[in-house]
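**Student:** input.txt (compact mmCIF, C-alpha atoms) pasted underneath:
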```txt
# COMPACT_ATOMS: atom_id res chain seq x y z
CA MET A 1 101.92 -77.89 -88.24
CA ASN A 2 105.58 -77.72 -89.26
CA ASP A 3 104.77 -74.96 -91.75
CA ILE A 4 103.22 -72.87 -88.98
CA LEU A 5 106.27 -73.30 -86.75
CA ASN A 6 108.62 -72.51 -89.64
CA PRO A 7 110.85 -69.51 -88.60
CA GLU A 8 110.46 -67.90 -92.01
CA PHE A 9 106.67 -68.13 -91.76
CA LEU A 10 106.67 -66.67 -88.26
CA GLN A 11 108.95 -63.84 -89.35
CA GLN A 12 106.71 -63.09 -92.33
CA LEU A 13 103.64 -63.12 -90.04
CA ALA A 14 105.32 -60.74 -87.57
CA GLU A 15 106.33 -58.36 -90.38
CA THR A 16 102.77 -58.39 -91.73
CA ALA A 17 101.39 -57.64 -88.26
CA ILE A 18 103.87 -54.81 -87.70
CA THR A 19 103.05 -53.33 -91.09
CA TRP A 20 99.29 -53.50 -90.41
CA ILE A 21 99.69 -51.93 -86.95
CA SER A 22 101.91 -49.15 -88.32
CA ILE A 23 99.30 -48.33 -90.94
CA ASN A 24 96.12 -48.86 -88.89
CA GLY A 25 97.37 -48.55 -85.31
CA ILE A 26 96.16 -44.99 -84.86
CA ASN A 27 92.75 -45.89 -86.31
CA VAL A 28 92.46 -48.86 -83.91
CA LEU A 29 93.35 -46.68 -80.92
CA VAL A 30 90.86 -44.02 -82.03
CA ALA A 31 88.15 -46.66 -82.53
CA LEU A 32 88.79 -48.16 -79.06
CA LEU A 33 88.81 -44.70 -77.50
CA PHE A 34 85.65 -43.83 -79.36
CA PHE A 35 83.96 -47.02 -78.09
CA VAL A 36 85.04 -46.58 -74.46
CA VAL A 37 84.10 -42.89 -74.32
CA GLY A 38 80.85 -43.48 -76.21
CA ARG A 39 79.84 -46.30 -73.87
CA TRP A 40 80.61 -44.14 -70.83
CA VAL A 41 78.56 -41.26 -72.24
CA ALA A 42 75.67 -43.61 -72.98
CA LYS A 43 75.70 -44.88 -69.38
CA ARG A 44 75.70 -41.33 -68.03
CA ILE A 45 72.80 -40.34 -70.26
CA ILE A 46 70.81 -43.40 -69.17
CA ALA A 47 71.53 -42.64 -65.49
CA LEU A 48 70.20 -39.10 -65.94
CA MET A 49 67.21 -40.44 -67.84
CA ARG A 50 66.42 -42.94 -65.07
CA ARG A 51 66.66 -40.28 -62.35
CA GLY A 52 64.41 -37.96 -64.33
CA MET A 53 61.78 -40.68 -64.66
CA LEU A 54 61.93 -41.44 -60.93
CA ARG A 55 61.34 -37.76 -60.16
CA THR A 56 58.26 -37.71 -62.39
CA ASN A 57 56.90 -40.95 -60.82
CA VAL A 58 57.10 -42.97 -64.04
CA ASP A 59 56.22 -46.64 -63.48
CA GLU A 60 59.29 -48.72 -62.55
CA THR A 61 58.68 -51.31 -65.29
CA LEU A 62 58.21 -48.66 -67.96
CA SER A 63 61.30 -46.67 -66.92
CA SER A 64 63.48 -49.80 -66.85
CA PHE A 65 62.26 -50.87 -70.29
CA LEU A 66 62.78 -47.44 -71.88
CA CYS A 67 66.24 -47.06 -70.34
CA ASN A 68 67.34 -50.48 -71.61
CA ILE A 69 66.08 -49.77 -75.13
CA ALA A 70 67.75 -46.34 -75.18
CA PHE A 71 71.07 -47.72 -73.89
CA TYR A 72 71.34 -50.51 -76.45
CA ALA A 73 70.32 -48.16 -79.25
CA MET A 74 73.08 -45.73 -78.27
CA LEU A 75 75.57 -48.58 -77.83
CA ALA A 76 74.78 -49.85 -81.35
CA ALA A 77 75.39 -46.34 -82.74
CA VAL A 78 78.70 -46.15 -80.87
CA ILE A 79 79.83 -49.54 -82.24
CA ILE A 80 78.94 -48.57 -85.80
CA ALA A 81 80.82 -45.27 -85.43
CA ALA A 82 83.86 -47.11 -83.99
CA LEU A 83 83.85 -49.54 -86.91
CA GLY A 84 83.78 -46.55 -89.25
CA GLN A 85 86.97 -45.28 -87.60
CA LEU A 86 88.64 -48.58 -88.58
CA GLY A 87 87.96 -47.81 -92.22
CA LEU A 88 85.22 -50.39 -92.66
CA ASN A 89 82.50 -49.71 -95.21
CA ILE A 90 79.59 -48.92 -92.88
CA THR A 91 77.04 -48.98 -95.70
CA SER A 92 77.94 -52.55 -96.64
CA PHE A 93 78.09 -53.51 -92.98
CA LEU A 94 74.59 -52.14 -92.35
CA ALA A 95 73.28 -53.93 -95.44
CA VAL A 96 74.70 -57.24 -94.21
CA LEU A 97 73.39 -56.54 -90.71
CA GLY A 98 69.94 -55.76 -92.11
CA ALA A 99 69.84 -58.99 -94.12
CA ALA A 100 70.96 -60.97 -91.09
CA GLY A 101 68.33 -59.22 -88.97
CA LEU A 102 65.64 -60.15 -91.49
CA ALA A 103 66.69 -63.81 -91.44
CA VAL A 104 66.78 -63.87 -87.67
CA GLY A 105 63.40 -62.13 -87.53
CA LEU A 106 61.78 -64.76 -89.73
CA ALA A 107 63.30 -67.54 -87.64
CA LEU A 108 62.19 -65.94 -84.37
CA LYS A 109 58.81 -64.53 -85.41
CA ASP A 110 57.05 -65.96 -82.34
CA SER A 111 59.62 -64.40 -80.03
CA LEU A 112 59.33 -61.10 -81.87
CA SER A 113 55.56 -61.30 -81.49
CA ASN A 114 56.05 -61.65 -77.73
CA PHE A 115 58.51 -58.76 -77.81
CA ALA A 116 56.05 -56.49 -79.63
CA ALA A 117 53.29 -57.49 -77.21
CA GLY A 118 55.61 -56.75 -74.27
CA VAL A 119 56.26 -53.27 -75.62
CA MET A 120 52.50 -52.66 -75.95
CA ILE A 121 51.79 -53.94 -72.43
CA ILE A 122 54.47 -51.75 -70.87
CA LEU A 123 53.64 -48.61 -72.86
CA LEU A 124 49.85 -48.87 -72.58
CA ARG A 125 50.03 -49.97 -68.92
CA PHE A 126 47.12 -52.40 -68.86
CA PHE A 127 48.47 -53.51 -65.48
CA LYS A 128 51.56 -53.00 -63.36
CA LYS A 129 53.69 -54.87 -60.87
CA GLY A 130 51.63 -55.83 -57.80
CA ASP A 131 48.24 -55.89 -59.56
CA TYR A 132 46.06 -59.00 -59.28
CA VAL A 133 44.99 -59.94 -62.81
CA THR A 134 43.44 -62.68 -64.88
CA ILE A 135 45.30 -63.09 -68.18
CA ALA A 136 45.36 -65.99 -70.65
CA GLY A 137 43.04 -67.93 -68.34
CA THR A 138 45.38 -67.61 -65.33
CA SER A 139 44.90 -65.48 -62.21
CA GLY A 140 47.68 -64.15 -60.01
CA THR A 141 49.65 -61.17 -58.77
CA VAL A 142 51.95 -59.55 -61.34
CA GLU A 143 55.50 -60.23 -60.22
CA SER A 144 57.26 -58.66 -63.20
CA ILE A 145 56.70 -57.71 -66.85
CA LYS A 146 59.60 -58.69 -69.06
CA ILE A 147 60.12 -58.12 -72.78
CA PHE A 148 58.96 -61.62 -73.77
CA ASN A 149 56.93 -62.89 -70.78
CA THR A 150 54.81 -61.74 -67.87
CA PHE A 151 55.44 -63.45 -64.52
CA LEU A 152 52.54 -64.09 -62.14
CA THR A 153 52.42 -65.46 -58.60
CA THR A 154 49.24 -67.40 -57.81
CA PRO A 155 47.54 -67.21 -54.38
CA ASP A 156 49.05 -70.62 -53.50
CA ASN A 157 52.54 -69.25 -54.35
CA GLN A 158 53.10 -70.86 -57.74
CA GLN A 159 54.92 -68.93 -60.44
CA VAL A 160 53.16 -68.77 -63.81
CA ILE A 161 54.98 -67.49 -66.90
CA VAL A 162 52.64 -66.14 -69.58
CA PRO A 163 53.97 -65.24 -73.06
CA ASN A 164 53.15 -61.61 -73.78
CA ALA A 165 51.47 -62.44 -77.08
CA GLY A 166 49.04 -64.64 -75.15
CA VAL A 167 48.28 -61.74 -72.80
CA LEU A 168 47.17 -59.42 -75.61
CA SER A 169 45.31 -62.13 -77.55
CA GLY A 170 42.73 -62.58 -74.77
CA THR A 171 40.70 -60.61 -72.25
CA ILE A 172 42.63 -58.86 -69.48
CA VAL A 173 40.88 -58.59 -66.10
CA ASN A 174 42.65 -56.26 -63.67
CA VAL A 175 41.01 -57.01 -60.31
CA THR A 176 42.95 -54.37 -58.35
CA ALA A 177 42.64 -51.53 -60.87
CA LYS A 178 39.86 -49.92 -58.78
CA ASP A 179 39.97 -49.02 -55.11
CA THR A 180 36.57 -50.58 -54.33
CA ARG A 181 34.90 -53.84 -55.32
CA ARG A 182 31.40 -55.30 -54.99
CA ILE A 183 30.73 -58.64 -53.34
CA ASP A 184 28.00 -60.64 -55.12
CA LEU A 185 26.24 -63.30 -53.05
CA VAL A 186 23.05 -65.27 -53.59
CA VAL A 187 21.34 -66.34 -50.35
CA GLY A 188 18.32 -68.65 -50.43
CA ILE A 189 15.58 -69.09 -47.80
CA GLY A 190 12.75 -71.62 -47.65
CA TYR A 191 9.36 -70.92 -49.19
CA GLY A 192 7.85 -71.20 -45.71
CA ASP A 193 10.08 -68.48 -44.24
CA HIS A 194 9.06 -64.83 -43.83
CA ILE A 195 10.65 -62.71 -46.55
CA PRO A 196 10.61 -59.34 -44.70
CA LYS A 197 12.23 -60.98 -41.64
CA ALA A 198 15.01 -62.54 -43.71
CA LYS A 199 15.60 -59.25 -45.57
CA SER A 200 15.78 -57.32 -42.29
CA ILE A 201 18.34 -59.80 -40.91
CA LEU A 202 20.49 -59.51 -44.03
CA GLU A 203 20.39 -55.70 -43.85
CA GLU A 204 21.49 -55.75 -40.19
CA ILE A 205 24.33 -58.16 -40.95
CA VAL A 206 25.62 -56.17 -43.91
CA THR A 207 25.43 -52.74 -42.29
CA GLY A 208 27.06 -53.97 -39.09
CA LEU A 209 29.91 -55.94 -40.67
CA GLU A 210 33.39 -54.43 -40.45
CA GLY A 211 34.83 -53.56 -43.83
CA VAL A 212 31.54 -52.97 -45.64
CA LEU A 213 31.33 -49.48 -47.15
CA LYS A 214 28.32 -47.23 -46.67
CA ASP A 215 28.87 -45.55 -50.01
CA PRO A 216 28.03 -47.06 -52.45
CA ALA A 217 25.07 -48.42 -50.51
CA PRO A 218 24.65 -52.22 -50.43
CA THR A 219 21.86 -53.88 -52.41
CA ILE A 220 19.66 -56.55 -50.80
CA ALA A 221 16.65 -57.71 -52.79
CA VAL A 222 14.60 -60.78 -53.75
CA SER A 223 15.97 -61.87 -57.09
CA GLU A 224 14.43 -65.23 -57.92
CA LEU A 225 11.78 -67.78 -56.97
CA ALA A 226 13.97 -70.80 -57.53
CA ASP A 227 13.08 -74.51 -57.52
CA SER A 228 13.92 -75.03 -53.84
CA SER A 229 14.31 -71.54 -52.38
CA VAL A 230 13.48 -67.87 -52.50
CA ASN A 231 16.76 -66.22 -53.46
CA PHE A 232 18.13 -62.87 -52.30
CA VAL A 233 20.98 -61.00 -53.94
CA VAL A 234 23.33 -59.52 -51.32
CA ARG A 235 25.69 -56.97 -52.86
CA PRO A 236 27.77 -54.88 -50.44
CA TRP A 237 30.85 -52.87 -51.41
CA CYS A 238 34.27 -52.97 -49.76
CA ARG A 239 37.84 -51.91 -50.40
CA THR A 240 39.51 -54.12 -52.99
CA SER A 241 42.25 -55.12 -50.57
CA ASP A 242 39.59 -56.32 -48.05
CA TYR A 243 37.50 -58.28 -50.57
CA TRP A 244 38.17 -61.86 -49.49
CA LYS A 245 38.25 -61.06 -45.78
CA VAL A 246 34.85 -59.33 -45.93
CA ARG A 247 33.34 -61.99 -48.22
CA PHE A 248 34.33 -64.90 -45.97
CA ALA A 249 33.15 -63.06 -42.82
CA LEU A 250 29.85 -62.18 -44.46
CA ILE A 251 29.05 -65.75 -45.53
CA GLU A 252 29.85 -67.09 -42.05
CA LYS A 253 27.80 -64.37 -40.33
CA ILE A 254 24.73 -65.01 -42.52
CA LYS A 255 24.74 -68.74 -41.77
CA LEU A 256 25.19 -68.30 -38.01
CA THR A 257 22.54 -65.57 -37.75
CA PHE A 258 19.99 -67.48 -39.84
CA ASP A 259 20.48 -70.49 -37.56
CA GLU A 260 19.94 -68.32 -34.47
CA GLN A 261 16.85 -66.61 -35.92
CA GLY A 262 15.30 -69.81 -37.22
CA VAL A 263 15.53 -68.89 -40.91
CA ASN A 264 15.91 -71.94 -43.08
CA ILE A 265 18.52 -72.24 -45.83
CA PRO A 266 17.05 -75.16 -47.78
CA PHE A 267 18.91 -78.01 -49.41
CA PRO A 268 18.21 -78.58 -53.11
CA GLN A 269 15.21 -80.86 -53.24
CA MET A 270 12.65 -82.34 -55.61
CA ASP A 271 9.10 -83.41 -54.90
CA VAL A 272 8.21 -86.75 -56.49
CA HIS A 273 4.52 -87.70 -56.80
CA LEU A 274 3.56 -91.34 -57.31
CA PHE A 275 0.22 -92.28 -58.82
CA LYS A 276 -1.23 -95.73 -58.52
CA GLU A 277 -2.50 -96.97 -61.82
CA GLU A 278 -6.09 -98.26 -61.67
CA GLN A 279 -6.53 -101.90 -62.55
```
Spell out the structure here as structure tokens.
**Tutor:**
Amino acid sequence: MNDILNPEFLQQLAETAITWISINGINVLVALLFFVVGRWVAKRIIALMRRGMLRTNVDETLSSFLCNIAFYAMLAAVIIAALGQLGLNITSFLAVLGAAGLAVGLALKDSLSNFAAGVMIILLRFFKKGDYVTIAGTSGTVESIKIFNTFLTTPDNQQVIVPNAGVLSGTIVNVTAKDTRRIDLVVGIGYGDHIPKAKSILEEIVTGLEGVLKDPAPTIAVSELADSSVNFVVRPWCRTSDYWKVRFALIEKIKLTFDEQGVNIPFPQMDVHLFKEEQ
């Protein structure tokens, strides 16, 4: 500590600093100027790039991702050029940086896998913000797509974070990708009920229900002679945004109308026959 506070040491340190500044001062100022100007230019280019994408209706997630990648790539080039102005050996610096990048890559291979998957998801646009999807066994509305994770909001307002590698490793179901969706119901009646009557009732319910589309036409048909019932398939179409509202209303309407018209919806049952063994 005393050596550091020694006046001779401090004087020698000051002389060394003055000598270094006198030799390299201009280079330092040029490097700083180069960095500041280069960073400003990069920001301006990215702003123009973002506005151009907005004019061409590029997806918000995709435009944000591309702008971020482009900005950091330009910033890295500016930093390397600024270091070159300081007289540093850029070739050696890049070699060291490459070796460090390789070591970091091996240590963070799972994160890099998620990064690569995030790039694929954003570029290939399997889904976008606001879509209702099923990915990695989880269903929810896409809240945001980040570089490493995809954020979902479930119908009961829970946030689910799915690693992007897990998204691409499984099946992706995009429920809202199409404007229309089919409702699939199975409705059973008793074996003692009149099939044409039940079919006519179902047709009246489906065609008269608000939200059911006329084109494509709904399908109502006997599909199975089951153990306890004669089963109909009821398959109307509706707008995707109206799916649950129409489905719930349809199920309620079928039950109430069947009760009014005396059509039986049987409980699961089993007939048991007992035989008395002869003595």
**Student:** Show which residues sit within 9 Å of Ile121 (chain A), as a VMD selection string. Count all atoms listed in the file, and ignore same-chain residues fewer than 5 positions away.
**Tutor:** chain A and resid 116 126 to 127 145 164 167 to 168
**Student:** Quick one: distance from CA of Lys199 (chain A) to CA of Glu224 (chain A) in Å, one decimal?
**Tutor:** 13.8 Å
**Student:** Take CA of Met120 (chain A) and CA of Tyr132 (chain A) and report the distance between them in Å, one decimal.
**Tutor:** 19.0 Å
**Student:** Please identify all polymer residues within 9 Å of Phe35 (chain A), counting all atoms listed in the file, omitting same-chain residues fewer than 2 positions from it, and present them as a PyMOL selection string.
**Tutor:** chain A and resi 30-33+37-40+75+78-79+81-82
**Student:** Given the choices A:Val263, A:Leu250, A:Val233, A:Ile195, which gets closest to Gly211 (chain A) if the distance is worked out from only C-alpha atoms?
**Tutor:**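 Residue with the minimum atom-to-atom distance to Gly211 (chain A): A:Leu250.
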**Student:** So what do you get for CA of Ile183 (chain A) versus CA of Ser223 (chain A), distance-wise?
**Tutor:** 15.6 Å
**Student:** Find the residue from A:Ile265, A:Val206, A:Val160, A:Ala221 that sits nearest to Val246 (chain A); use only C-alpha atoms when measuring.
**Tutor:** A:Val206
**Student:** With distances taken over only C-alpha atoms, which of A:Lys146, A:Lys253, A:Lys214, A:Arg239 is nearest to Phe65 (chain A)?
**Tutor:** A:Lys146
**Student:** Please provide the set of residues having any atom within 9 Å of Ile46 (chain A), restricted to all atoms listed in the file, with same-chain residues fewer than 6 positions apart removed, written as a list in words.
**Tutor:** Cys67, Asn68, Ala70 and Phe71 of chain A
